[in-house]
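Reproduced below: entry-v1.txt, with compact mmCIF, C-alpha atoms.
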```txt
# COMPACT_ATOMS: atom_id res chain seq x y z
CA MET A 1 16.93 19.31 29.74
CA ASN A 2 19.96 18.81 31.97
CA ILE A 3 18.40 17.33 35.10
CA GLN A 4 19.89 18.17 38.48
CA THR A 5 17.34 16.74 40.92
CA VAL A 6 13.93 15.07 40.73
CA ARG A 7 11.49 14.94 43.65
CA LYS A 8 8.07 13.33 43.95
CA ASN A 9 5.04 15.57 44.39
CA VAL A 10 2.54 13.69 46.55
CA ILE A 11 -1.09 14.68 47.13
CA ASP A 12 -3.32 12.56 49.37
CA GLY A 13 -0.70 9.85 49.40
CA GLU A 14 -0.46 9.64 45.61
CA VAL A 15 2.43 10.74 43.40
CA VAL A 16 0.89 13.32 41.03
CA SER A 17 3.98 14.74 39.33
CA TYR A 18 7.75 15.13 39.58
CA GLN A 19 9.46 18.39 40.53
CA VAL A 20 12.66 18.84 38.52
CA THR A 21 15.53 21.27 38.99
CA GLN A 22 17.96 21.78 36.13
CA GLN A 23 21.67 22.39 35.84
CA ASP A 24 22.49 25.87 34.50
CA SER A 25 18.85 27.04 34.71
CA ASN A 26 16.71 28.57 37.43
CA LEU A 27 13.55 27.25 35.80
CA ILE A 28 11.79 24.46 37.67
CA LEU A 29 9.66 21.86 35.93
CA SER A 30 6.65 20.06 37.33
CA VAL A 31 6.29 16.99 35.12
CA PRO A 32 3.16 14.85 34.74
CA LEU A 33 3.37 11.06 34.68
CA ASP A 34 2.51 10.93 30.98
CA PRO A 35 4.58 8.56 28.81
CA ALA A 36 4.12 10.92 25.83
CA ASN A 37 5.65 13.83 27.76
CA THR A 38 9.30 14.11 26.72
CA ASP A 39 10.33 15.59 30.08
CA TYR A 40 8.89 12.46 31.72
CA GLN A 41 10.82 10.35 29.21
CA ALA A 42 13.99 12.26 30.12
CA ILE A 43 13.40 11.52 33.82
CA LEU A 44 13.09 7.80 33.08
CA GLU A 45 16.38 7.91 31.14
CA TRP A 46 17.99 9.84 34.01
CA VAL A 47 16.90 7.09 36.42
CA GLU A 48 18.19 4.42 34.02
CA ASP A 49 21.54 6.19 34.17
CA GLY A 50 21.67 5.41 37.87
CA ASN A 51 20.12 8.52 39.41
CA THR A 52 17.47 8.48 42.13
CA ILE A 53 14.18 10.30 42.50
CA GLU A 54 13.85 11.94 45.92
CA GLU A 55 10.85 11.25 48.12
CA ALA A 56 8.42 14.09 48.78
CA ASP A 57 9.20 16.48 51.64
CA MET B 58 -6.79 32.27 -24.69
CA THR B 59 -4.75 29.56 -26.36
CA LYS B 60 -4.40 26.10 -24.87
CA ALA B 61 -0.74 26.77 -24.09
CA ALA B 62 -1.64 30.00 -22.31
CA GLU B 63 -4.34 28.21 -20.31
CA LEU B 64 -1.86 25.56 -19.22
CA ALA B 65 0.70 28.21 -18.27
CA LYS B 66 -1.90 30.00 -16.19
CA MET B 67 -2.95 26.78 -14.53
CA GLY B 68 0.67 26.08 -13.69
CA GLU B 69 1.02 29.54 -12.18
CA VAL B 70 -2.06 29.03 -10.03
CA LEU B 71 -0.80 25.69 -8.81
CA THR B 72 2.67 27.08 -8.18
CA ASN B 73 1.26 29.90 -6.10
CA SER B 74 -0.83 27.37 -4.22
CA GLN B 75 -4.02 29.25 -4.86
CA ILE B 76 -5.83 25.92 -4.97
CA GLY B 77 -3.13 23.78 -3.44
CA GLY B 78 -4.10 23.97 0.25
CA ARG B 79 -1.66 23.68 3.09
CA ARG B 80 1.77 22.54 1.99
CA ASN B 81 4.39 23.31 4.62
CA ILE B 82 4.84 20.50 7.12
CA VAL B 83 7.36 22.55 9.11
CA ILE B 84 5.97 24.82 11.84
CA ASN B 85 7.38 28.32 12.37
CA GLY B 86 9.54 28.01 9.26
CA ALA B 87 9.71 31.81 8.96
CA MET B 88 10.95 32.07 12.57
CA GLN B 89 8.13 34.46 13.48
CA VAL B 90 7.30 32.91 16.84
CA SER B 91 9.68 32.97 19.79
CA GLN B 92 7.61 32.68 22.96
CA ARG B 93 10.56 31.95 25.25
CA GLY B 94 12.33 35.21 24.39
CA THR B 95 14.28 36.74 21.54
CA SER B 96 17.91 36.46 22.68
CA PHE B 97 19.65 33.65 24.56
CA THR B 98 23.26 33.99 25.63
CA GLY B 99 25.70 31.37 26.86
CA VAL B 100 24.18 28.51 24.90
CA GLY B 101 26.67 25.66 24.93
CA ASP B 102 28.26 22.96 27.04
CA GLY B 103 25.95 20.29 25.74
CA ASP B 104 22.79 22.37 25.66
CA ASN B 105 19.79 20.64 24.18
CA ALA B 106 16.96 23.11 24.19
CA TYR B 107 14.35 25.09 22.33
CA PHE B 108 14.82 28.81 21.83
CA LEU B 109 12.77 29.98 18.84
CA ASP B 110 9.59 27.92 18.76
CA ARG B 111 9.74 24.39 17.35
CA PHE B 112 13.46 24.59 16.46
CA GLN B 113 15.71 22.74 18.87
CA PHE B 114 19.43 23.50 19.17
CA LEU B 115 21.62 20.57 20.14
CA GLU B 116 25.22 20.05 21.01
CA SER B 117 26.33 16.53 21.76
CA GLY B 118 29.61 15.04 22.83
CA THR B 119 31.83 17.30 24.90
CA PRO B 120 31.68 20.59 23.02
CA ASN B 121 33.35 23.80 24.13
CA GLY B 122 31.68 26.13 21.67
CA VAL B 123 29.34 28.73 23.17
CA PHE B 124 26.73 30.67 21.25
CA THR B 125 24.16 33.42 21.40
CA ILE B 126 20.93 32.46 19.69
CA THR B 127 18.57 35.21 18.63
CA GLN B 128 15.39 35.76 16.72
CA ALA B 129 17.09 38.09 14.28
CA SER B 130 15.35 40.88 12.37
CA ASP B 131 17.18 39.80 9.28
CA GLY B 132 16.07 37.74 6.34
CA PRO B 133 15.84 37.52 2.58
CA ALA B 134 13.13 39.49 0.81
CA GLY B 135 9.75 38.60 2.26
CA PHE B 136 11.07 37.29 5.58
CA ALA B 137 11.18 39.56 8.63
CA ASN B 138 12.92 37.10 10.92
CA SER B 139 15.51 34.38 11.04
CA MET B 140 17.19 32.20 13.62
CA LYS B 141 20.73 33.43 14.22
CA VAL B 142 23.44 31.29 15.81
CA ASP B 143 26.41 33.48 16.76
CA CYS B 144 29.59 31.90 18.12
CA THR B 145 30.88 33.69 21.25
CA THR B 146 33.40 31.10 22.43
CA ALA B 147 35.24 29.13 19.77
CA GLU B 148 36.29 25.52 19.83
CA THR B 149 39.74 25.03 18.36
CA ALA B 150 39.56 21.24 17.90
CA VAL B 151 36.44 19.21 17.21
CA ALA B 152 36.37 15.88 19.04
CA ALA B 153 35.16 12.82 17.14
CA ASN B 154 31.94 12.54 19.14
CA GLU B 155 30.90 16.18 18.85
CA ARG B 156 28.19 17.61 16.69
CA ILE B 157 25.98 20.67 16.62
CA PHE B 158 22.71 20.85 14.78
CA ILE B 159 19.34 22.57 14.63
CA GLN B 160 16.36 20.28 14.29
CA GLN B 161 12.62 20.21 14.04
CA LYS B 162 10.81 17.10 15.24
CA ILE B 163 7.56 16.19 13.50
CA GLU B 164 4.65 14.13 14.78
CA GLY B 165 3.84 10.90 12.97
CA GLN B 166 0.19 11.82 12.56
CA ASN B 167 1.25 14.87 10.55
CA LEU B 168 3.22 12.74 8.09
CA GLN B 169 0.74 10.08 7.02
CA HIS B 170 0.27 11.72 3.61
CA LEU B 171 3.89 10.89 2.79
CA LYS B 172 2.69 7.25 2.50
CA LYS B 173 6.03 6.07 3.81
CA GLY B 174 6.46 2.34 3.85
CA THR B 175 4.20 1.81 0.85
CA SER B 176 4.88 1.34 -2.86
CA SER B 177 3.51 4.83 -3.48
CA ALA B 178 5.72 6.63 -0.96
CA GLU B 179 5.99 10.32 -1.79
CA LYS B 180 9.07 12.37 -2.41
CA VAL B 181 9.42 15.43 -0.21
CA THR B 182 11.18 18.68 -0.99
CA LEU B 183 12.90 20.84 1.59
CA SER B 184 13.62 24.49 0.85
CA PHE B 185 15.20 27.06 3.13
CA HIS B 186 17.18 30.28 3.18
CA VAL B 187 20.61 30.34 4.80
CA LYS B 188 23.30 32.95 5.40
CA SER B 189 26.71 32.65 7.05
CA ASN B 190 30.12 34.26 7.07
CA LEU B 191 31.35 30.73 6.30
CA THR B 192 31.32 29.13 2.89
CA GLY B 193 31.44 25.40 2.32
CA THR B 194 29.33 22.28 2.61
CA ALA B 195 26.67 21.46 5.17
CA VAL B 196 24.34 18.49 5.58
CA VAL B 197 20.62 18.12 6.18
CA GLN B 198 19.51 14.75 7.51
CA PHE B 199 15.93 13.46 7.40
CA TYR B 200 15.81 10.84 10.16
CA ASP B 201 12.91 8.41 10.63
CA THR B 202 12.85 7.71 14.37
CA ASP B 203 10.10 5.07 14.09
CA ASN B 204 12.19 2.75 11.92
CA SER B 205 15.71 4.10 12.52
CA ARG B 206 16.12 4.90 8.84
CA THR B 207 17.67 7.92 7.26
CA ILE B 208 18.33 9.91 4.13
CA ALA B 209 20.54 12.98 3.82
CA GLN B 210 21.79 15.53 1.32
CA SER B 211 24.51 18.12 1.40
CA TYR B 212 24.30 21.68 0.16
CA THR B 213 26.84 24.43 -0.28
CA ILE B 214 26.97 27.95 1.05
CA ASP B 215 28.57 29.63 -1.93
CA SER B 216 28.93 33.27 -0.89
CA ALA B 217 29.77 34.66 2.53
CA ASN B 218 27.24 36.90 4.28
CA THR B 219 24.67 36.48 1.52
CA TRP B 220 21.20 35.02 1.77
CA GLU B 221 20.94 31.92 -0.42
CA LYS B 222 17.92 29.71 -1.08
CA LYS B 223 18.59 25.98 -1.02
CA THR B 224 16.34 23.22 -2.30
CA ILE B 225 16.73 19.53 -1.54
CA THR B 226 14.45 16.70 -2.68
CA PHE B 227 14.40 13.46 -0.70
CA ASP B 228 13.12 10.25 -2.28
CA GLY B 229 10.10 8.48 -0.86
CA ASP B 230 10.79 5.44 1.28
CA THR B 231 8.92 2.22 0.55
CA THR B 232 10.17 0.69 3.79
CA GLY B 233 8.94 1.48 7.29
CA ALA B 234 5.70 3.37 7.87
CA PHE B 235 5.45 6.31 10.22
CA VAL B 236 3.44 5.45 13.33
CA ASN B 237 0.16 7.38 13.28
CA ASP B 238 0.35 8.99 16.70
CA ASN B 239 1.41 12.14 18.57
CA ASN B 240 5.01 11.07 19.07
CA VAL B 241 8.03 12.06 17.01
CA SER B 242 8.49 10.25 13.70
CA VAL B 243 10.90 12.55 11.88
CA ARG B 244 13.83 14.66 12.92
CA LEU B 245 14.82 17.21 10.28
CA GLU B 246 18.41 18.05 11.18
CA PHE B 247 20.54 20.97 9.93
CA TYR B 248 24.17 20.31 10.80
CA LEU B 249 26.39 23.19 11.93
CA GLN B 250 29.35 21.07 13.01
CA ALA B 251 30.20 17.36 12.93
CA GLY B 252 33.05 15.34 14.40
CA SER B 253 34.54 12.36 12.64
CA ASN B 254 32.13 9.89 14.28
CA PHE B 255 29.46 11.44 12.05
CA THR B 256 31.50 11.96 8.88
CA SER B 257 33.57 8.82 8.41
CA GLY B 258 31.02 6.83 6.40
CA THR B 259 29.07 7.50 3.21
CA LEU B 260 26.31 10.08 2.99
CA PRO B 261 22.97 8.21 2.71
CA THR B 262 21.47 9.94 -0.33
CA THR B 263 18.99 7.07 -0.63
CA TRP B 264 16.96 5.67 2.24
CA GLN B 265 18.80 3.16 4.41
CA SER B 266 19.16 2.01 7.98
CA PHE B 267 20.63 4.66 10.24
CA LEU B 268 24.36 4.56 10.79
CA GLU B 269 25.92 7.30 12.90
CA ALA B 270 29.06 7.47 10.76
CA ASN B 271 26.95 8.42 7.72
CA SER B 272 25.02 11.26 9.35
CA ALA B 273 26.96 14.30 8.14
CA VAL B 274 29.51 13.07 5.61
CA GLY B 275 30.98 16.00 3.69
CA GLN B 276 30.22 18.60 6.35
CA THR B 277 32.88 21.31 6.22
CA ILE B 278 30.92 24.13 7.86
CA ASN B 279 31.90 24.42 11.52
CA VAL B 280 30.06 27.28 13.16
CA ALA B 281 32.12 26.87 16.33
CA SER B 282 35.52 27.34 14.69
CA SER B 283 35.75 31.10 15.36
CA THR B 284 33.97 33.82 17.28
CA ASP B 285 33.61 35.55 13.90
CA ASN B 286 31.13 32.86 12.87
CA ASN B 287 27.40 33.11 12.51
CA PHE B 288 24.68 31.08 10.85
CA TYR B 289 21.21 32.30 9.90
CA LEU B 290 18.25 30.11 8.92
CA THR B 291 14.72 30.98 7.81
CA GLY B 292 12.05 30.13 5.25
CA VAL B 293 12.15 26.45 6.10
CA GLN B 294 9.55 24.53 4.13
CA LEU B 295 9.03 20.78 3.77
CA GLU B 296 6.39 19.69 1.31
CA VAL B 297 5.23 16.65 -0.60
CA GLY B 298 6.53 16.39 -4.16
CA SER B 299 9.71 17.13 -6.04
CA VAL B 300 9.14 20.86 -6.54
CA ALA B 301 9.87 23.63 -4.08
CA THR B 302 6.87 25.91 -4.27
CA PRO B 303 6.97 29.46 -2.88
CA PHE B 304 7.09 29.62 0.91
CA GLU B 305 3.67 29.25 2.50
CA HIS B 306 3.34 32.39 4.61
CA ARG B 307 0.84 31.80 7.38
CA SER B 308 -0.43 34.60 9.61
CA PHE B 309 1.33 35.16 12.93
CA GLY B 310 -1.79 34.04 14.78
CA GLU B 311 -1.99 30.77 12.87
CA GLU B 312 1.69 30.05 13.37
CA LEU B 313 1.49 30.90 17.09
CA ALA B 314 -1.44 28.52 17.55
CA LEU B 315 0.49 25.74 15.80
CA CYS B 316 3.45 26.38 18.12
CA GLN B 317 1.25 26.43 21.22
CA ARG B 318 0.38 22.79 20.68
CA TYR B 319 3.97 22.17 21.86
CA TYR B 320 4.73 25.12 24.15
CA PHE B 321 2.49 27.75 25.73
CA GLN B 322 4.07 30.73 27.45
CA LYS B 323 1.52 32.02 29.96
CA ILE B 324 3.71 34.44 31.96
CA ASN B 325 6.95 36.05 30.85
CA GLY B 326 7.61 39.10 33.00
CA ASN B 327 6.00 41.41 35.53
CA SER B 328 2.34 42.40 36.09
CA GLN B 329 0.80 39.64 33.99
CA PRO B 330 -2.41 37.91 35.09
CA VAL B 331 -2.30 34.19 35.89
CA GLY B 332 -5.97 33.74 36.87
CA ILE B 333 -8.12 33.37 39.93
CA GLY B 334 -6.55 31.57 42.84
CA SER B 335 -7.73 30.45 46.25
CA TYR B 336 -6.12 29.17 49.41
CA ILE B 337 -6.95 25.53 49.87
CA SER B 338 -4.90 25.65 53.04
CA SER B 339 -2.84 28.29 54.76
CA GLY B 340 0.22 27.14 52.82
CA GLN B 341 -1.25 26.25 49.41
CA ILE B 342 -2.79 28.33 46.62
CA ARG B 343 -4.64 26.60 43.81
CA THR B 344 -5.51 28.02 40.39
CA TYR B 345 -6.92 26.83 37.09
CA ILE B 346 -5.45 27.55 33.64
CA ASP B 347 -6.97 26.82 30.25
CA PHE B 348 -4.66 26.35 27.26
CA PRO B 349 -5.38 28.28 24.05
CA VAL B 350 -5.15 25.10 21.96
CA GLU B 351 -5.09 21.40 22.78
CA MET B 352 -1.51 20.45 23.52
CA ARG B 353 0.28 17.48 22.03
CA ALA B 354 0.55 15.63 25.36
CA ASP B 355 -0.06 16.41 29.02
CA PRO B 356 2.44 19.26 29.42
CA SER B 357 5.01 19.98 32.11
CA ILE B 358 4.78 23.26 33.98
CA VAL B 359 7.91 25.35 33.50
CA THR B 360 8.20 28.05 36.11
CA SER B 361 10.67 30.46 37.61
CA SER B 362 11.91 29.62 41.08
CA GLY B 363 12.62 33.05 42.51
CA THR B 364 11.29 34.63 45.69
CA SER B 365 8.05 36.65 45.47
CA HIS B 366 7.55 36.13 41.74
CA PHE B 367 3.74 36.04 42.15
CA ASN B 368 1.07 37.72 44.22
CA LEU B 369 -2.49 36.89 45.21
CA GLU B 370 -4.80 39.75 46.14
CA ASN B 371 -7.21 39.60 49.10
CA PRO B 372 -5.20 40.30 51.07
CA SER B 373 -2.03 40.94 49.10
CA ASP B 374 0.22 37.94 49.57
CA SER B 375 3.46 37.45 47.67
CA PHE B 376 4.69 33.94 47.05
CA ASP B 377 7.39 32.17 45.11
CA GLY B 378 7.51 30.44 41.77
CA GLY B 379 8.00 26.71 41.57
CA TRP B 380 4.41 25.72 40.91
CA VAL B 381 3.45 22.10 41.55
CA LEU B 382 1.43 20.26 38.97
CA VAL B 383 -1.51 18.43 40.53
CA GLN B 384 -4.05 17.80 37.79
CA ILE B 385 -3.56 18.23 34.08
CA ASN B 386 -4.73 17.12 30.68
CA LYS B 387 -4.09 18.41 27.16
CA THR B 388 -6.45 21.38 27.54
CA SER B 389 -6.11 22.65 31.11
CA ALA B 390 -4.15 22.47 34.34
CA ILE B 391 -4.65 22.87 38.07
CA PRO B 392 -1.33 23.85 39.64
CA TYR B 393 -0.62 24.58 43.29
CA ALA B 394 1.78 27.15 44.65
CA THR B 395 3.44 26.29 47.94
CA GLY B 396 6.59 28.41 48.10
CA SER B 397 6.35 31.01 50.89
CA VAL B 398 2.54 30.86 50.79
CA SER B 399 0.81 32.09 53.92
CA GLY B 400 -2.88 32.98 53.93
CA THR B 401 -6.36 32.17 55.11
CA THR B 402 -8.07 29.03 53.84
CA SER B 403 -10.86 29.71 51.29
CA TYR B 404 -9.81 33.29 50.62
CA SER B 405 -9.46 33.92 46.88
CA GLY B 406 -8.29 36.60 44.49
CA ILE B 407 -6.46 37.44 41.30
CA ILE B 408 -2.96 36.07 40.87
CA ARG B 409 -0.42 38.20 39.01
CA SER B 410 3.28 38.02 38.36
CA THR B 411 5.31 40.52 40.39
CA SER B 412 8.79 40.11 38.97
CA ALA B 413 10.40 40.79 35.62
CA ASP B 414 11.93 37.32 35.96
CA ALA B 415 8.61 35.54 36.56
CA ARG B 416 7.93 32.67 34.17
CA LEU B 417 5.03 30.24 33.84
CA ALA B 418 4.79 28.05 30.77
CA PHE B 419 3.57 24.64 29.64
CA ASN B 420 5.82 22.32 27.70
CA ALA B 421 4.70 19.44 25.49
CA GLU B 422 7.56 19.55 22.97
CA LEU B 423 8.51 16.45 21.07
```

Could you render the structure from this file as structure tokens?
Amino acid sequence: MNIQTVRKNVIDGEVVSYQVTQQDSNLILSVPLDPANTDYQAILEWVEDGNTIEEAD
Amino acid sequence: MTKAAELAKMGEVLTNSQIGGRRNIVINGAMQVSQRGTSFTGVGDGDNAYFLDRFQFLESGTPNGVFTITQASDGPAGFANSMKVDCTTAETAVAANERIFIQQKIEGQNLQHLKKGTSSAEKVTLSFHVKSNLTGTAVVQFYDTDNSRTIAQSYTIDSANTWEKKTITFDGDTTGAFVNDNNVSVRLEFYLQAGSNFTSGTLPTTWQSFLEANSAVGQTINVASSTDNNFYLTGVQLEVGSVATPFEHRSFGEELALCQRYYFQKINGNSQPVGIGSYISSGQIRTYIDFPVEMRADPSIVTSSGTSHFNLENPSDSFDGGWVLVQINKTSAIPYATGSVSGTTSYSGIIRSTSADARLAFNAEL
């Protein structure tokens, strides 16, 4: 997954998932906060690389 | 029947696995299942993705090679399909940090019978069928991600454009047990290209700590060297023991269910039912989706982002892709749609896809 942007999905004041857009793909991912989910792991690595998760709209 | 004849018969029965039970640790080894589609163009520029189920294609470094990957209707006798990697843009010079490989990742809980990390660690035997216009040497690496240990073997493609069966036996490893969980423990890697960062050491033909320079020593096959190049793979089987038994052909339904633990394609095209949905507000539609099998982990929703990719009846209301995951576990999901949704709270109806480009899938790949 080549991450372009990550945004929080918030329901009732709680972050429930992350909405991810990708480079070179029109597919959008909605990623649960599950440490065993490899998309979630990729988001954490993306943040470690200095990128920032956007707040919910 | 003589004793010798009885023993021969017993050997035949065992060889044909008539009493042997399940043997193949690899899923979708015959390349039957390809939920995401059957042809993928423009694969390159560092792509790291799944195309045919359970087999991941990776380019690392700064590669320029571009490929079309297909579920080909080509295979050796007894195999209807193979994974084809076809070079469409060549790379004239391979940088040191570049490599291309196909891999399957395997869960630790599916490898406990290898008894790795014990004095009775089992050998495993890998067999597969390969075809390429290229001849030369390629490497398969068996990488233990739990303990950062590795073992590898090379094989040769002897004749161009000819299906060849290859068999490699890896020793058991008495060091480093596989963690018994649902995370990756092994990466089975088939190299298609390797830069000097991966070939400058010594091939680890016995188990040892991972060293990048040892990964693909001896690799001469470079699938990216010309647009004439192609590489086909099928019949991939990994089994306990030092003998390659005949390929374990599972039914399509069985293989699909095994794949759906990692990826479940719910919608792929027009006029396909999603389920019953209802407006929980004027701008939000909620639905509920059961998965056909328990998934490996809580999956991500993968969805198309185009305008009017879905429709809810009562009254007819088109809305966009880009579903938002709200509640999920390994067996079911409750996603919301919010893109261009406009309706009356509490109204409900059937949701369908309304675009050939509509996609809705669940991803729990390793």

Determine, counting all atoms listed in the file, every residue of protein, DNA or RNA that lies within 7 Å of (-2.4, 13.4, 34.5) in the file coordinates, then give the result as number ranges by chain. A: 32-34; B: 355, 384-386

Quick one: residues within 9 Å of A:Thr52, all atoms listed in the file counted, chain neighbours fewer than 2 positions away excluded, as a list in words? Thr5, Val6, Arg7, Trp46, Val47, Gly50 and Glu54 of chain A

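Distance-wise, atom CA of B:Tyr345 and atom CA of B:Ala394 end up 11.5 Å apart.
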
Write out as an MDAnalysis selection string the residues lying within 10 Å of A:Val10, counting only C-alpha atoms and excluding same-chain residues fewer than 2 positions away. (chainID A and resid 7:8 12:18 55:57) or (chainID B and resid 381 383)

Please, could you write that set of residues out with C-alpha atoms as a PDB file, keeping the file's coordinate frame?
```pdb
ATOM      1  CA  ARG A   7      11.490  14.940  43.650  1.00  0.00           C
ATOM      2  CA  LYS A   8       8.070  13.330  43.950  1.00  0.00           C
ATOM      3  CA  ASP A  12      -3.320  12.560  49.370  1.00  0.00           C
ATOM      4  CA  GLY A  13      -0.700   9.850  49.400  1.00  0.00           C
ATOM      5  CA  GLU A  14      -0.460   9.640  45.610  1.00  0.00           C
ATOM      6  CA  VAL A  15       2.430  10.740  43.400  1.00  0.00           C
ATOM      7  CA  VAL A  16       0.890  13.320  41.030  1.00  0.00           C
ATOM      8  CA  SER A  17       3.980  14.740  39.330  1.00  0.00           C
ATOM      9  CA  TYR A  18       7.750  15.130  39.580  1.00  0.00           C
ATOM     10  CA  GLU A  55      10.850  11.250  48.120  1.00  0.00           C
ATOM     11  CA  ALA A  56       8.420  14.090  48.780  1.00  0.00           C
ATOM     12  CA  ASP A  57       9.200  16.480  51.640  1.00  0.00           C
TER      13      ASP A  57
ATOM     14  CA  VAL B 381       3.450  22.100  41.550  1.00  0.00           C
ATOM     15  CA  VAL B 383      -1.510  18.430  40.530  1.00  0.00           C
TER      16      VAL B 383
END
```

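With all atoms listed in the file as the atoms that count, the minimum distance from A:Thr21 to the choices B:Ile391, B:Leu249, B:Val359, B:Ile159 is reached by B:Val359.
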
Could you please tell me, as JSON, numbers by chain, which residues of chain A have an atom within 8 Å of chain B when using only C-alpha atoms? {"A": [1, 2, 9, 11, 16, 17, 19, 26, 27, 28, 29, 30, 31, 32, 34, 36, 37, 38, 39]}

Can you tell me, as an MDAnalysis selection string, what residues are no more than 12 Å from B:Phe199 when counting all atoms listed in the file, ignoring any on the same chain fewer than 6 positions away? chainID B and resid 160:163 181:183 205:211 225:230 242:248 260:267 272:273 295

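Atom CA of B:Ser130 to atom CA of B:Thr224 spans 23.0 Å [interatomic distance, one decimal].
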
Kindly extract all protein, DNA and RNA residues lying within 9 Å of the coordinates (30.1, 37.0, 1.6) given in the file, considering all atoms listed in the file, and supply them as JSON, numbers by chain. {"B": [188, 189, 190, 191, 192, 215, 216, 217, 218, 219]}
